[in-house]
file entry_20.cif (mmCIF, N, CA and C atoms)
data_upload
loop_
_atom_site.label_atom_id
_atom_site.label_comp_id
_atom_site.auth_asym_id
_atom_site.auth_seq_id
_atom_site.Cartn_x
_atom_site.Cartn_y
_atom_site.Cartn_z
N MET A 150 5.54 9.97 -9.97
CA MET A 150 4.61 8.88 -10.26
C MET A 150 4.73 8.51 -11.73
N GLN A 151 4.61 7.22 -11.96
CA GLN A 151 4.64 6.72 -13.33
C GLN A 151 3.22 6.43 -13.79
N ASP A 152 3.01 6.45 -15.09
CA ASP A 152 1.69 6.21 -15.66
C ASP A 152 1.49 4.73 -15.99
N ALA A 153 0.25 4.39 -16.29
CA ALA A 153 -0.14 3.00 -16.57
C ALA A 153 0.71 2.36 -17.66
N ALA A 154 1.11 3.12 -18.67
CA ALA A 154 1.90 2.55 -19.76
C ALA A 154 3.23 1.99 -19.26
N ASP A 155 3.73 2.52 -18.15
CA ASP A 155 5.01 2.08 -17.61
C ASP A 155 4.93 0.74 -16.88
N ILE A 156 3.74 0.26 -16.61
CA ILE A 156 3.59 -1.04 -15.92
C ILE A 156 4.26 -2.14 -16.73
N ALA A 157 4.18 -2.06 -18.05
CA ALA A 157 4.77 -3.09 -18.92
C ALA A 157 6.28 -3.18 -18.77
N ARG A 158 6.90 -2.15 -18.21
CA ARG A 158 8.36 -2.16 -18.02
C ARG A 158 8.77 -2.80 -16.69
N LEU A 159 7.81 -3.06 -15.83
CA LEU A 159 8.11 -3.67 -14.53
C LEU A 159 8.42 -5.15 -14.68
N PRO A 160 9.14 -5.73 -13.73
CA PRO A 160 9.33 -7.18 -13.75
C PRO A 160 7.97 -7.90 -13.72
N GLU A 161 7.93 -9.09 -14.29
CA GLU A 161 6.68 -9.84 -14.43
C GLU A 161 5.94 -10.01 -13.11
N HIS A 162 6.65 -10.26 -12.01
CA HIS A 162 5.94 -10.49 -10.75
C HIS A 162 5.17 -9.24 -10.30
N TRP A 163 5.68 -8.04 -10.59
CA TRP A 163 4.94 -6.82 -10.25
C TRP A 163 3.78 -6.60 -11.20
N GLN A 164 3.95 -6.93 -12.46
CA GLN A 164 2.83 -6.83 -13.40
C GLN A 164 1.70 -7.74 -12.93
N ARG A 165 2.06 -8.95 -12.48
CA ARG A 165 1.07 -9.90 -11.96
C ARG A 165 0.37 -9.33 -10.74
N GLY A 166 1.13 -8.75 -9.82
CA GLY A 166 0.56 -8.15 -8.62
C GLY A 166 -0.37 -7.00 -8.94
N PHE A 167 0.03 -6.15 -9.87
CA PHE A 167 -0.82 -5.02 -10.23
C PHE A 167 -2.11 -5.49 -10.92
N ARG A 168 -2.01 -6.53 -11.76
CA ARG A 168 -3.22 -7.10 -12.37
C ARG A 168 -4.16 -7.63 -11.29
N TRP A 169 -3.60 -8.25 -10.25
CA TRP A 169 -4.41 -8.77 -9.15
C TRP A 169 -5.18 -7.61 -8.49
N VAL A 170 -4.50 -6.50 -8.24
CA VAL A 170 -5.16 -5.33 -7.64
C VAL A 170 -6.31 -4.88 -8.53
N GLU A 171 -6.06 -4.78 -9.81
CA GLU A 171 -7.10 -4.32 -10.74
C GLU A 171 -8.31 -5.26 -10.74
N GLN A 172 -8.05 -6.56 -10.73
CA GLN A 172 -9.15 -7.54 -10.72
C GLN A 172 -9.92 -7.50 -9.41
N GLN A 173 -9.21 -7.41 -8.30
CA GLN A 173 -9.86 -7.43 -6.98
C GLN A 173 -10.70 -6.18 -6.74
N LEU A 174 -10.22 -5.04 -7.22
CA LEU A 174 -10.90 -3.78 -6.91
C LEU A 174 -11.71 -3.21 -8.07
N GLY A 175 -11.69 -3.91 -9.20
CA GLY A 175 -12.54 -3.50 -10.32
C GLY A 175 -12.16 -2.18 -10.96
N GLY A 176 -10.94 -2.09 -11.40
CA GLY A 176 -10.50 -0.87 -12.07
C GLY A 176 -9.17 -1.09 -12.73
N ARG A 177 -8.49 0.02 -13.00
CA ARG A 177 -7.16 -0.10 -13.59
C ARG A 177 -6.22 0.88 -12.89
N ILE A 178 -5.00 0.44 -12.72
CA ILE A 178 -3.99 1.30 -12.11
C ILE A 178 -3.56 2.32 -13.15
N VAL A 179 -3.71 3.59 -12.81
CA VAL A 179 -3.37 4.65 -13.76
C VAL A 179 -2.07 5.34 -13.39
N ARG A 180 -1.66 5.22 -12.13
CA ARG A 180 -0.39 5.79 -11.70
C ARG A 180 0.19 4.92 -10.59
N PHE A 181 1.52 4.91 -10.51
CA PHE A 181 2.18 4.13 -9.47
C PHE A 181 3.57 4.69 -9.20
N GLU A 182 4.03 4.45 -7.99
CA GLU A 182 5.38 4.88 -7.61
C GLU A 182 5.91 3.94 -6.54
N SER A 183 7.12 3.51 -6.71
CA SER A 183 7.77 2.67 -5.72
C SER A 183 8.19 3.54 -4.54
N GLN A 184 7.93 3.04 -3.33
CA GLN A 184 8.42 3.74 -2.14
C GLN A 184 9.78 3.15 -1.79
N ALA A 185 10.76 4.02 -1.66
CA ALA A 185 12.11 3.56 -1.31
C ALA A 185 12.09 3.08 0.14
N ARG A 186 12.14 1.78 0.32
CA ARG A 186 12.09 1.17 1.64
C ARG A 186 12.97 -0.07 1.63
N TRP A 187 13.08 -0.66 2.78
CA TRP A 187 13.84 -1.90 2.92
C TRP A 187 13.01 -3.10 2.51
N ARG A 188 11.72 -2.91 2.29
CA ARG A 188 10.89 -3.98 1.75
C ARG A 188 10.03 -3.39 0.65
N PRO A 189 9.51 -4.22 -0.26
CA PRO A 189 8.76 -3.68 -1.40
C PRO A 189 7.51 -2.92 -0.94
N ALA A 190 7.32 -1.74 -1.49
CA ALA A 190 6.15 -0.93 -1.18
C ALA A 190 5.86 -0.04 -2.38
N TRP A 191 4.57 0.15 -2.65
CA TRP A 191 4.14 0.94 -3.80
C TRP A 191 3.00 1.87 -3.41
N PHE A 192 3.04 3.08 -3.96
CA PHE A 192 1.89 3.97 -3.94
C PHE A 192 1.18 3.75 -5.27
N LEU A 193 -0.10 3.45 -5.22
CA LEU A 193 -0.87 3.16 -6.43
C LEU A 193 -2.07 4.10 -6.51
N GLU A 194 -2.51 4.36 -7.72
CA GLU A 194 -3.76 5.08 -7.93
C GLU A 194 -4.59 4.26 -8.90
N LEU A 195 -5.74 3.81 -8.42
CA LEU A 195 -6.61 2.96 -9.23
C LEU A 195 -7.83 3.77 -9.67
N GLU A 196 -8.16 3.69 -10.95
CA GLU A 196 -9.37 4.30 -11.46
C GLU A 196 -10.45 3.22 -11.48
N ARG A 197 -11.50 3.42 -10.69
CA ARG A 197 -12.56 2.41 -10.60
C ARG A 197 -13.39 2.39 -11.88
N ALA A 198 -13.68 1.18 -12.34
CA ALA A 198 -14.47 1.02 -13.56
C ALA A 198 -15.91 1.47 -13.35
N SER A 199 -16.42 1.30 -12.14
CA SER A 199 -17.83 1.58 -11.87
C SER A 199 -18.19 3.05 -11.98
N ASP A 200 -17.29 3.94 -11.54
CA ASP A 200 -17.64 5.36 -11.53
C ASP A 200 -16.50 6.29 -11.95
N GLY A 201 -15.35 5.74 -12.30
CA GLY A 201 -14.22 6.56 -12.72
C GLY A 201 -13.49 7.27 -11.59
N ALA A 202 -13.92 7.04 -10.36
CA ALA A 202 -13.27 7.69 -9.22
C ALA A 202 -11.85 7.14 -9.05
N ARG A 203 -10.97 7.98 -8.55
CA ARG A 203 -9.60 7.58 -8.29
C ARG A 203 -9.47 7.13 -6.84
N LEU A 204 -8.88 5.96 -6.66
CA LEU A 204 -8.72 5.36 -5.35
C LEU A 204 -7.23 5.30 -5.01
N PRO A 205 -6.75 6.07 -4.03
CA PRO A 205 -5.34 6.01 -3.65
C PRO A 205 -5.08 4.77 -2.78
N LEU A 206 -4.10 3.99 -3.17
CA LEU A 206 -3.80 2.72 -2.50
C LEU A 206 -2.34 2.65 -2.09
N TYR A 207 -2.08 1.72 -1.18
CA TYR A 207 -0.71 1.45 -0.75
C TYR A 207 -0.51 -0.05 -0.74
N TRP A 208 0.56 -0.51 -1.35
CA TRP A 208 0.94 -1.93 -1.38
C TRP A 208 2.10 -2.12 -0.42
N ARG A 209 1.88 -2.91 0.62
CA ARG A 209 2.96 -3.24 1.55
C ARG A 209 3.39 -4.66 1.22
N GLY A 210 4.62 -4.80 0.76
CA GLY A 210 5.14 -6.10 0.39
C GLY A 210 5.65 -6.89 1.58
N ALA A 211 5.95 -8.14 1.33
CA ALA A 211 6.48 -9.03 2.37
C ALA A 211 7.90 -8.62 2.72
N ARG A 212 8.25 -8.88 3.95
CA ARG A 212 9.64 -8.68 4.38
C ARG A 212 10.43 -9.84 3.82
N SER A 213 10.96 -9.66 2.65
CA SER A 213 11.52 -10.77 1.87
C SER A 213 12.60 -11.55 2.60
N GLU A 214 13.36 -10.89 3.45
CA GLU A 214 14.40 -11.63 4.14
C GLU A 214 13.84 -12.51 5.26
N PHE A 215 12.60 -12.24 5.68
CA PHE A 215 11.98 -13.02 6.76
C PHE A 215 10.81 -13.88 6.28
N HIS A 216 10.04 -13.38 5.32
CA HIS A 216 8.81 -14.06 4.91
C HIS A 216 8.80 -14.25 3.40
N ARG A 217 8.50 -15.42 2.98
CA ARG A 217 8.44 -15.73 1.55
C ARG A 217 7.00 -15.92 1.08
N ASN A 218 6.04 -15.71 2.00
CA ASN A 218 4.64 -15.87 1.60
C ASN A 218 3.81 -14.75 2.22
N ALA A 219 2.51 -14.79 1.97
CA ALA A 219 1.63 -13.70 2.39
C ALA A 219 1.03 -13.92 3.78
N GLY A 220 1.38 -14.99 4.46
CA GLY A 220 0.80 -15.28 5.77
C GLY A 220 0.89 -14.14 6.77
N PRO A 221 2.07 -13.59 7.01
CA PRO A 221 2.16 -12.46 7.96
C PRO A 221 1.36 -11.24 7.51
N LEU A 222 1.28 -11.01 6.20
CA LEU A 222 0.51 -9.88 5.69
C LEU A 222 -0.99 -10.11 5.86
N ALA A 223 -1.43 -11.35 5.69
CA ALA A 223 -2.84 -11.67 5.92
C ALA A 223 -3.21 -11.42 7.38
N ARG A 224 -2.31 -11.78 8.28
CA ARG A 224 -2.55 -11.54 9.71
C ARG A 224 -2.62 -10.03 9.98
N GLU A 225 -1.72 -9.27 9.38
CA GLU A 225 -1.74 -7.82 9.53
C GLU A 225 -3.05 -7.23 9.00
N GLY A 226 -3.51 -7.75 7.85
CA GLY A 226 -4.77 -7.30 7.28
C GLY A 226 -5.95 -7.57 8.20
N LYS A 227 -5.96 -8.75 8.83
CA LYS A 227 -7.04 -9.09 9.77
C LYS A 227 -7.02 -8.16 10.99
N ILE A 228 -5.82 -7.82 11.47
CA ILE A 228 -5.70 -6.90 12.60
C ILE A 228 -6.26 -5.53 12.20
N LEU A 229 -5.93 -5.06 11.00
CA LEU A 229 -6.47 -3.78 10.54
C LEU A 229 -7.99 -3.83 10.46
N GLU A 230 -8.55 -4.95 9.99
CA GLU A 230 -10.01 -5.10 9.92
C GLU A 230 -10.64 -4.96 11.30
N VAL A 231 -10.07 -5.63 12.29
CA VAL A 231 -10.61 -5.59 13.65
C VAL A 231 -10.51 -4.17 14.22
N LEU A 232 -9.36 -3.54 14.03
CA LEU A 232 -9.20 -2.18 14.53
C LEU A 232 -10.20 -1.23 13.88
N GLU A 233 -10.34 -1.34 12.56
CA GLU A 233 -11.28 -0.48 11.83
C GLU A 233 -12.71 -0.71 12.31
N ARG A 234 -13.08 -1.96 12.48
CA ARG A 234 -14.44 -2.31 12.94
C ARG A 234 -14.73 -1.72 14.31
N ASN A 235 -13.69 -1.50 15.10
CA ASN A 235 -13.86 -0.99 16.45
C ASN A 235 -13.54 0.50 16.57
N GLY A 236 -13.55 1.19 15.45
CA GLY A 236 -13.43 2.64 15.46
C GLY A 236 -12.03 3.21 15.54
N VAL A 237 -11.03 2.37 15.43
CA VAL A 237 -9.65 2.87 15.45
C VAL A 237 -9.30 3.33 14.03
N PRO A 238 -8.81 4.56 13.89
CA PRO A 238 -8.49 5.05 12.54
C PRO A 238 -7.24 4.36 11.98
N VAL A 239 -7.45 3.46 11.05
CA VAL A 239 -6.38 2.73 10.37
C VAL A 239 -6.68 2.74 8.88
N PRO A 240 -5.68 2.49 8.04
CA PRO A 240 -5.96 2.37 6.61
C PRO A 240 -6.87 1.17 6.35
N HIS A 241 -7.87 1.37 5.51
CA HIS A 241 -8.78 0.27 5.17
C HIS A 241 -8.02 -0.81 4.39
N PRO A 242 -8.04 -2.06 4.85
CA PRO A 242 -7.39 -3.14 4.10
C PRO A 242 -8.31 -3.65 2.99
N TYR A 243 -7.78 -3.75 1.77
CA TYR A 243 -8.56 -4.22 0.63
C TYR A 243 -8.32 -5.69 0.32
N GLY A 244 -7.19 -6.22 0.69
CA GLY A 244 -6.94 -7.63 0.42
C GLY A 244 -5.46 -7.96 0.41
N VAL A 245 -5.20 -9.25 0.35
CA VAL A 245 -3.84 -9.76 0.37
C VAL A 245 -3.58 -10.55 -0.91
N CYS A 246 -2.54 -10.17 -1.61
CA CYS A 246 -2.11 -10.87 -2.81
C CYS A 246 -1.09 -11.93 -2.41
N GLU A 247 -1.23 -13.11 -2.97
CA GLU A 247 -0.30 -14.21 -2.67
C GLU A 247 0.99 -14.14 -3.47
N ASP A 248 0.89 -13.68 -4.74
CA ASP A 248 2.06 -13.71 -5.61
C ASP A 248 2.07 -12.50 -6.53
N PRO A 249 2.93 -11.54 -6.25
CA PRO A 249 3.88 -11.47 -5.15
C PRO A 249 3.16 -11.12 -3.85
N PRO A 250 3.69 -11.54 -2.72
CA PRO A 250 3.02 -11.29 -1.45
C PRO A 250 2.88 -9.80 -1.17
N GLY A 251 1.65 -9.37 -0.89
CA GLY A 251 1.43 -7.97 -0.58
C GLY A 251 0.08 -7.72 0.05
N LEU A 252 0.02 -6.77 0.95
CA LEU A 252 -1.21 -6.30 1.56
C LEU A 252 -1.57 -4.98 0.90
N VAL A 253 -2.77 -4.90 0.32
CA VAL A 253 -3.22 -3.69 -0.34
C VAL A 253 -4.19 -2.98 0.60
N MET A 254 -3.91 -1.72 0.85
CA MET A 254 -4.75 -0.95 1.78
C MET A 254 -4.92 0.47 1.25
N ALA A 255 -5.83 1.19 1.86
CA ALA A 255 -6.02 2.59 1.50
C ALA A 255 -4.74 3.36 1.81
N ARG A 256 -4.44 4.30 0.96
CA ARG A 256 -3.31 5.18 1.22
C ARG A 256 -3.84 6.39 2.00
N VAL A 257 -3.23 6.66 3.11
CA VAL A 257 -3.66 7.78 3.94
C VAL A 257 -2.72 8.96 3.71
N PRO A 258 -3.24 10.17 3.86
CA PRO A 258 -2.37 11.33 3.64
C PRO A 258 -1.33 11.46 4.74
N GLY A 259 -0.26 12.15 4.41
CA GLY A 259 0.78 12.40 5.39
C GLY A 259 2.10 11.85 4.93
N THR A 260 3.07 11.92 5.82
CA THR A 260 4.39 11.40 5.53
C THR A 260 4.76 10.36 6.58
N PHE A 261 5.76 9.58 6.29
CA PHE A 261 6.16 8.52 7.19
C PHE A 261 7.31 8.93 8.10
N ASN A 262 7.83 10.13 7.93
CA ASN A 262 9.00 10.54 8.70
C ASN A 262 8.66 11.78 9.51
N LEU A 263 8.37 11.59 10.78
CA LEU A 263 7.98 12.69 11.65
C LEU A 263 9.07 13.75 11.77
N ALA A 264 10.32 13.37 11.57
CA ALA A 264 11.42 14.32 11.67
C ALA A 264 11.35 15.41 10.60
N THR A 265 10.58 15.19 9.54
CA THR A 265 10.47 16.19 8.48
C THR A 265 9.43 17.26 8.81
N GLU A 266 8.67 17.09 9.88
CA GLU A 266 7.67 18.08 10.29
C GLU A 266 8.37 19.26 10.95
N ALA A 267 8.19 20.45 10.38
CA ALA A 267 8.87 21.64 10.90
C ALA A 267 8.25 22.16 12.19
N ASP A 268 6.96 21.94 12.38
CA ASP A 268 6.25 22.46 13.55
C ASP A 268 6.48 21.56 14.76
N GLU A 269 7.27 22.05 15.71
CA GLU A 269 7.59 21.27 16.91
C GLU A 269 6.34 20.88 17.70
N ARG A 270 5.37 21.80 17.79
CA ARG A 270 4.14 21.49 18.53
C ARG A 270 3.36 20.36 17.87
N LEU A 271 3.30 20.37 16.54
CA LEU A 271 2.61 19.31 15.83
C LEU A 271 3.33 17.97 16.01
N ARG A 272 4.67 18.00 15.97
CA ARG A 272 5.43 16.75 16.22
C ARG A 272 5.12 16.21 17.61
N ALA A 273 5.13 17.07 18.60
CA ALA A 273 4.86 16.65 19.98
C ALA A 273 3.44 16.11 20.10
N GLN A 274 2.46 16.79 19.48
CA GLN A 274 1.07 16.33 19.55
C GLN A 274 0.90 14.98 18.85
N THR A 275 1.59 14.80 17.73
CA THR A 275 1.51 13.53 17.02
C THR A 275 2.07 12.39 17.89
N LEU A 276 3.18 12.65 18.53
CA LEU A 276 3.75 11.64 19.42
C LEU A 276 2.80 11.33 20.59
N GLU A 277 2.19 12.38 21.11
CA GLU A 277 1.25 12.18 22.22
C GLU A 277 0.05 11.35 21.77
N ASP A 278 -0.48 11.66 20.58
CA ASP A 278 -1.64 10.91 20.05
C ASP A 278 -1.28 9.45 19.86
#
call {"tool": "encode", "arguments": {"input": "entry_20.cif", "output": "structure tokens"}}
result
Amino acid sequence: MQDAADIARLPEHWQRGFRWVEQQLGGRIVRFESQARWRPAWFLELERASDGARLPLYWRGARSEFHRNAGPLAREGKILEVLERNGVPVPHPYGVCEDPPGLVMARVPGTFNLATEADERLRAQTLED
């Protein structure tokens, strides 16, 4: 993870996006890390101005080869809202940034690659769930 001072080294569009997160959620990004993916994604840690609590976040960027705007991400955010409202455990959506396009949501614990789980029973149970 990189610290807040490193934000100034990012390309301008990411600095703009991170400022948007800070303004929308009322805090400052104190740590961040790019997730190696085929589309832009970031793990963020925001320190809330109101109480100093640390808020783990996830930025899901637009599929740049398919989408040049935030429309599909806004739709995804609305779907997460409906699922959450109806008791389905999903990451809480915080908002959609237009430039650069990104959906900001709660970061949930765990990993994205089930193949890295050593416990075969846990892998099977996860697939069943």
call {"tool": "resolve_selection", "arguments": {"input": "entry_20.cif", "expression": "the PyMOL selection byres ((chain A and resi 253) around 6)", "output": "list in words"}}
result
Tyr207, Trp208, Arg209, His241, Pro242, Tyr243, Gly244, Val245, Cys246, Gly251, Leu252, Met254 and Ala255 of chain A
call {"tool": "closest_residue", "arguments": {"input": "entry_20.cif", "among": "A:Pro205, A:Gly220, A:Gly226, A:Gly166", "to": "Val257 in chain A", "atoms": "only N, CA and C atoms"}}
result
A:Pro205
call {"tool": "closest_residue", "arguments": {"input": "entry_20.cif", "among": "A:Glu182, A:Val239, A:Arg203, A:Asp248", "to": "Arg168 in chain A", "atoms": "only C-alpha atoms"}}
result
A:Asp248
call {"tool": "select_by_dssp", "arguments": {"input": "entry_20.cif", "residues": "range 206-241 of chain A", "states": "strand (DSSP E or B)", "output": "list in words"}}
result
Leu206, Tyr207, Trp208, Arg209 and Gly210 of chain A
call {"tool": "select_by_dssp", "arguments": {"input": "entry_20.cif", "residues": "range 230-274 of chain A", "states": "alpha helix (DSSP H)", "output": "list in words"}}
result
Glu230, Val231, Leu232, Glu233, Arg234, Glu269, Arg270, Leu271, Arg272, Ala273 and Gln274 of chain A
call {"tool": "atom_distance", "arguments": {"input": "entry_20.cif", "atom1": "atom N of Ala264 in chain A", "atom2": "atom N of Leu276 in chain A"}}
result
10.0 Å
call {"tool": "closest_residue", "arguments": {"input": "entry_20.cif", "among": "A:Ala219, A:Glu194, A:Leu204, A:Lys227", "to": "Glu247 in chain A", "atoms": "all atoms listed in the file"}}
result
A:Ala219
call {"tool": "closest_residue", "arguments": {"input": "entry_20.cif", "among": "A:Gly210, A:Gly201, A:Gly259, A:Pro238", "to": "Arg188 in chain A", "atoms": "only C-alpha atoms"}}
result
A:Gly210
call {"tool": "atom_distance", "arguments": {"input": "entry_20.cif", "atom1": "CA of Pro249 in chain A", "atom2": "CA of Phe261 in chain A"}}
result
23.6 Å
call {"tool": "resolve_selection", "arguments": {"input": "entry_20.cif", "expression": "the PyMOL selection byres ((chain A and resi 151) around 8)", "output": "ChimeraX atom specification"}}
result
/A:150,152-156,178-183
call {"tool": "closest_residue", "arguments": {"input": "entry_20.cif", "among": "A:Ala211, A:Pro250, A:Arg186, A:Gly176", "to": "Ala198 in chain A", "atoms": "only N, CA and C atoms"}}
result
A:Gly176
